[in-house]
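K.L.:
Once you've had a glance at the structure underneath, I'll fire off some questions.
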Amino acid sequence: MAATIYFDNPFHLDGRGRVAVTTLDDHIRDLIYQVLFTAPGERVNLPDFGCGVRQLLFMGNSGALAAATQFLVHGSLQRWLGDLIQLNGVTVTNLEETLTIEVVYTRRDNNQQDNIAFFVPATGQ
């Protein structure tokens with residue numbers, strides 16, 4: 001049986017001129033990134049996909065924004081990646097001009113826990 005190949009994101013060529021591939025761990029991190037930073041309506045065939053964290057650039061950073069972002073990220077990840085990961089928690093903190101989004105999850109195929117953090121500048125007033 002052939003091993004599953006996961007294309008790296010963003011799509012690019014490797015040093016040999018072939019399509020770059022990655023591990024399943026990195027592929028899942030790439031998928032989380034795609035869900036967070038794709039705005040709803042951006043994908044024609046999946047208009048509901050994503051949660052649009054990039055839009056936070058134009059909102060004032062506050063505790064309310066952090067709470068709303070936490071709810072939005074949690075729901076989007078459960079909806080779009082629930083078959084691949086068990087979401088253990090999403091923590092969103094605001095400090096000065098930056099929102100930090102930390103996602104803690106467990107892969108469903110091997111019960112391995114991992115976490116990933118994203119930093120979003122939210123400087124709008």
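Identifiers in the structure tokens: chain A, B, ... in order shown; residue index from 1 per chain; ligand index from 1 in order shown.
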Could you give me, as a PyMOL selection string, the residues within 9 Å of Thr100 in chain A, counting only C-alpha atoms and dropping anything in the same chain fewer than 6 positions from it?
P.N.:
chain A and resi 66+91-94+117-121
K.L.:
Set the distance at 12 Å and use only C-alpha atoms: which residues neighbour range 36-44 of chain A once local chain neighbours fewer than 4 positions away are removed? I'd like the list as a PyMOL selection string.
P.N.:
chain A and resi 29-32+48-57+69-70+72-78+80-81+90+101-103+116-120
K.L.:
Give me a file of those residues, with N, CA, C and O atoms, as a CSV table (one decimal), in the first residue's frame.
P.N.:
chain,number,residue,atom,x,y,z
A,29,ARG,N,-1.4,21.3,10.6
A,29,ARG,CA,-1.1,22.7,11.0
A,29,ARG,C,-1.5,23.6,9.8
A,29,ARG,O,-2.0,24.7,10.0
A,30,ASP,N,-1.2,23.2,8.6
A,30,ASP,CA,-1.5,24.0,7.4
A,30,ASP,C,-3.0,24.1,7.3
A,30,ASP,O,-3.6,25.2,7.0
A,31,LEU,N,-3.8,23.0,7.6
A,31,LEU,CA,-5.2,23.1,7.5
A,31,LEU,C,-5.8,24.0,8.6
A,31,LEU,O,-6.7,24.8,8.3
A,32,ILE,N,-5.2,24.0,9.8
A,32,ILE,CA,-5.7,24.9,10.8
A,32,ILE,C,-5.5,26.4,10.4
A,32,ILE,O,-6.3,27.2,10.5
A,48,ASP,N,-19.0,29.0,3.0
A,48,ASP,CA,-19.0,29.1,4.5
A,48,ASP,C,-17.7,28.8,5.1
A,48,ASP,O,-17.5,28.9,6.3
A,49,PHE,N,-16.7,28.4,4.3
A,49,PHE,CA,-15.4,27.9,4.9
A,49,PHE,C,-14.6,29.1,5.5
A,49,PHE,O,-14.6,30.2,5.0
A,50,GLY,N,-14.0,28.8,6.6
A,50,GLY,CA,-13.1,29.7,7.2
A,50,GLY,C,-13.7,30.6,8.3
A,50,GLY,O,-15.0,30.5,8.5
A,51,CYS,N,-12.9,31.3,9.0
A,51,CYS,CA,-13.4,32.2,10.1
A,51,CYS,C,-12.9,33.6,9.9
A,51,CYS,O,-13.3,34.5,10.7
A,52,GLY,N,-12.1,33.9,9.0
A,52,GLY,CA,-11.7,35.3,8.7
A,52,GLY,C,-10.9,36.0,9.7
A,52,GLY,O,-11.2,37.2,10.0
A,53,VAL,N,-10.0,35.4,10.4
A,53,VAL,CA,-9.2,36.0,11.4
A,53,VAL,C,-8.4,37.3,10.8
A,53,VAL,O,-8.2,38.2,11.5
A,54,ARG,N,-8.1,37.2,9.6
A,54,ARG,CA,-7.4,38.3,9.0
A,54,ARG,C,-8.2,39.6,9.0
A,54,ARG,O,-7.6,40.7,9.1
A,55,GLN,N,-9.5,39.5,9.1
A,55,GLN,CA,-10.4,40.7,9.2
A,55,GLN,C,-10.2,41.4,10.5
A,55,GLN,O,-10.6,42.6,10.6
A,56,LEU,N,-9.6,40.8,11.5
A,56,LEU,CA,-9.4,41.4,12.8
A,56,LEU,C,-8.4,42.6,12.7
A,56,LEU,O,-8.3,43.4,13.6
A,57,LEU,N,-7.6,42.7,11.6
A,57,LEU,CA,-6.7,43.7,11.4
A,57,LEU,C,-7.4,45.1,11.5
A,57,LEU,O,-6.8,46.1,11.9
A,69,THR,N,-13.3,36.2,19.2
A,69,THR,CA,-12.4,35.4,18.3
A,69,THR,C,-12.3,34.0,18.8
A,69,THR,O,-12.3,33.1,18.0
A,70,GLN,N,-12.2,33.8,20.1
A,70,GLN,CA,-12.1,32.5,20.7
A,70,GLN,C,-13.3,31.6,20.3
A,70,GLN,O,-13.2,30.5,19.9
A,72,LEU,N,-15.4,32.1,17.7
A,72,LEU,CA,-15.4,32.0,16.3
A,72,LEU,C,-14.4,30.9,15.8
A,72,LEU,O,-14.7,30.0,15.0
A,73,VAL,N,-13.2,30.9,16.3
A,73,VAL,CA,-12.1,30.0,16.0
A,73,VAL,C,-12.5,28.6,16.4
A,73,VAL,O,-12.4,27.6,15.6
A,74,HIS,N,-13.0,28.4,17.6
A,74,HIS,CA,-13.4,27.1,18.2
A,74,HIS,C,-14.5,26.5,17.3
A,74,HIS,O,-14.4,25.3,16.9
A,75,GLY,N,-15.5,27.3,17.0
A,75,GLY,CA,-16.6,26.7,16.1
A,75,GLY,C,-16.2,26.4,14.7
A,75,GLY,O,-16.5,25.3,14.2
A,76,SER,N,-15.3,27.2,14.1
A,76,SER,CA,-14.9,26.9,12.8
A,76,SER,C,-14.0,25.7,12.7
A,76,SER,O,-14.1,24.9,11.8
A,77,LEU,N,-13.1,25.6,13.7
A,77,LEU,CA,-12.2,24.4,13.7
A,77,LEU,C,-13.0,23.1,13.9
A,77,LEU,O,-12.7,22.1,13.3
A,78,GLN,N,-14.0,23.1,14.8
A,78,GLN,CA,-14.8,21.9,15.0
A,78,GLN,C,-15.5,21.6,13.8
A,78,GLN,O,-15.7,20.4,13.4
A,80,TRP,N,-14.9,22.3,10.5
A,80,TRP,CA,-14.2,22.0,9.3
A,80,TRP,C,-13.1,20.9,9.5
A,80,TRP,O,-12.7,20.2,8.6
A,81,LEU,N,-12.6,20.8,10.7
A,81,LEU,CA,-11.5,19.8,10.9
A,81,LEU,C,-11.9,18.8,12.0
A,81,LEU,O,-11.0,18.0,12.5
A,90,VAL,N,-9.1,26.4,22.7
A,90,VAL,CA,-8.6,27.6,22.0
A,90,VAL,C,-8.5,28.7,23.0
A,90,VAL,O,-9.5,29.0,23.7
A,101,ILE,N,-3.5,33.6,19.3
A,101,ILE,CA,-4.5,32.5,19.2
A,101,ILE,C,-3.7,31.2,19.3
A,101,ILE,O,-2.9,30.9,18.5
A,102,GLU,N,-4.0,30.5,20.4
A,102,GLU,CA,-3.4,29.2,20.7
A,102,GLU,C,-4.4,28.1,20.6
A,102,GLU,O,-5.5,28.2,21.2
A,103,VAL,N,-4.1,27.1,19.7
A,103,VAL,CA,-5.0,26.0,19.5
A,103,VAL,C,-4.3,24.7,20.0
A,103,VAL,O,-3.2,24.4,19.6
A,116,ILE,N,-0.5,24.9,18.5
A,116,ILE,CA,0.0,25.8,17.5
A,116,ILE,C,-0.5,27.2,17.9
A,116,ILE,O,-1.6,27.3,18.4
A,117,ALA,N,0.4,28.2,17.7
A,117,ALA,CA,0.0,29.6,18.1
A,117,ALA,C,0.1,30.5,16.9
A,117,ALA,O,1.0,30.3,16.0
A,118,PHE,N,-0.8,31.4,16.7
A,118,PHE,CA,-0.8,32.4,15.7
A,118,PHE,C,-0.8,33.8,16.3
A,118,PHE,O,-1.5,34.0,17.4
A,119,PHE,N,-0.2,34.7,15.7
A,119,PHE,CA,-0.2,36.1,16.2
A,119,PHE,C,-0.8,37.0,15.2
A,119,PHE,O,-0.3,37.0,14.0
A,120,VAL,N,-1.8,37.7,15.5
A,120,VAL,CA,-2.5,38.5,14.6
A,120,VAL,C,-2.5,40.0,15.1
A,120,VAL,O,-3.0,40.3,16.2
K.L.:
Based on the backbone DSSP call, show me all residues of range 38-113 of chain A assigned helix (DSSP H, G or I), as an MDAnalysis selection string.
P.N.:
chainID A and resid 53:58 63:81
K.L.:
Those residues you just picked out, can you put them in a file as a short mmCIF file (atom, residue, chain, number, x, y, z; two decimals), in the first residue's frame with C-alpha atoms?
P.N.:
data_model
loop_
_atom_site.label_atom_id
_atom_site.label_comp_id
_atom_site.auth_asym_id
_atom_site.auth_seq_id
_atom_site.Cartn_x
_atom_site.Cartn_y
_atom_site.Cartn_z
CA VAL A 53 -9.19 36.05 11.42
CA ARG A 54 -7.38 38.33 8.96
CA GLN A 55 -10.36 40.71 9.16
CA LEU A 56 -9.39 41.43 12.77
CA LEU A 57 -6.69 43.75 11.45
CA PHE A 58 -9.39 46.40 11.14
CA GLY A 63 -11.05 41.72 25.67
CA ALA A 64 -14.39 41.53 23.84
CA LEU A 65 -12.60 40.96 20.54
CA ALA A 66 -10.51 38.19 22.12
CA ALA A 67 -13.63 36.47 23.50
CA ALA A 68 -15.48 36.70 20.20
CA THR A 69 -12.43 35.43 18.32
CA GLN A 70 -12.10 32.46 20.67
CA PHE A 71 -15.73 31.47 20.04
CA LEU A 72 -15.38 31.97 16.27
CA VAL A 73 -12.13 29.98 15.98
CA HIS A 74 -13.39 27.13 18.16
CA GLY A 75 -16.60 26.73 16.14
CA SER A 76 -14.86 26.92 12.76
CA LEU A 77 -12.19 24.38 13.67
CA GLN A 78 -14.76 21.94 15.02
CA ARG A 79 -16.88 22.31 11.91
CA TRP A 80 -14.15 21.99 9.28
CA LEU A 81 -11.52 19.79 10.95
#
K.L.:
Name all residues at most 10 Å from range 10-24 of chain A (count only C-alpha atoms; drop same-chain ones fewer than 6 positions away) and give them as a CSV table (one decimal) with all heavy atoms, in the first residue's frame.
P.N.:
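around.csv, freshly written:
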chain,number,residue,atom,x,y,z
A,4,THR,N,0.4,7.9,2.0
A,4,THR,CA,-0.3,9.1,1.6
A,4,THR,C,0.7,10.3,1.5
A,4,THR,O,1.5,10.5,2.3
A,4,THR,CB,-1.4,9.4,2.7
A,4,THR,OG1,-2.2,8.3,2.8
A,4,THR,CG2,-2.2,10.6,2.2
A,30,ASP,N,-1.2,23.2,8.6
A,30,ASP,CA,-1.5,24.0,7.4
A,30,ASP,C,-3.0,24.1,7.3
A,30,ASP,O,-3.6,25.2,7.0
A,30,ASP,CB,-1.0,23.4,6.2
A,30,ASP,CG,0.5,23.5,6.0
A,30,ASP,OD1,1.2,24.3,6.8
A,30,ASP,OD2,1.1,22.7,5.2
A,34,GLN,N,-5.3,27.5,7.3
A,34,GLN,CA,-6.3,27.8,6.3
A,34,GLN,C,-7.7,28.1,6.8
A,34,GLN,O,-8.3,29.1,6.4
A,34,GLN,CB,-6.4,26.6,5.3
A,34,GLN,CG,-5.2,26.5,4.4
A,34,GLN,CD,-5.3,25.3,3.5
A,34,GLN,OE1,-6.4,24.8,3.2
A,34,GLN,NE2,-4.2,24.8,3.0
A,107,ARG,N,-4.7,14.7,17.5
A,107,ARG,CA,-5.0,14.0,16.3
A,107,ARG,C,-5.8,12.8,16.5
A,107,ARG,O,-5.6,12.0,17.4
A,107,ARG,CB,-3.7,13.6,15.6
A,107,ARG,CG,-3.0,14.8,14.9
A,107,ARG,CD,-1.7,14.4,14.2
A,107,ARG,NE,-1.7,13.1,13.6
A,107,ARG,CZ,-0.7,12.5,13.1
A,107,ARG,NH1,0.5,13.1,13.1
A,107,ARG,NH2,-0.8,11.3,12.5
K.L.:
Would you mind reading off the distance between CA of Met59 in chain A and CA of Asn45 in chain A, one decimal, in Å?
P.N.:
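Here the two named atoms are 27.8 Å from each other.
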K.L.:
Work out how far CA of Asp8 in chain A is from CA of His27 in chain A, in Å to one decimal.
P.N.:
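According to the coordinates, CA of His27 in chain A and CA of Asp8 in chain A are separated by 6.8 Å.
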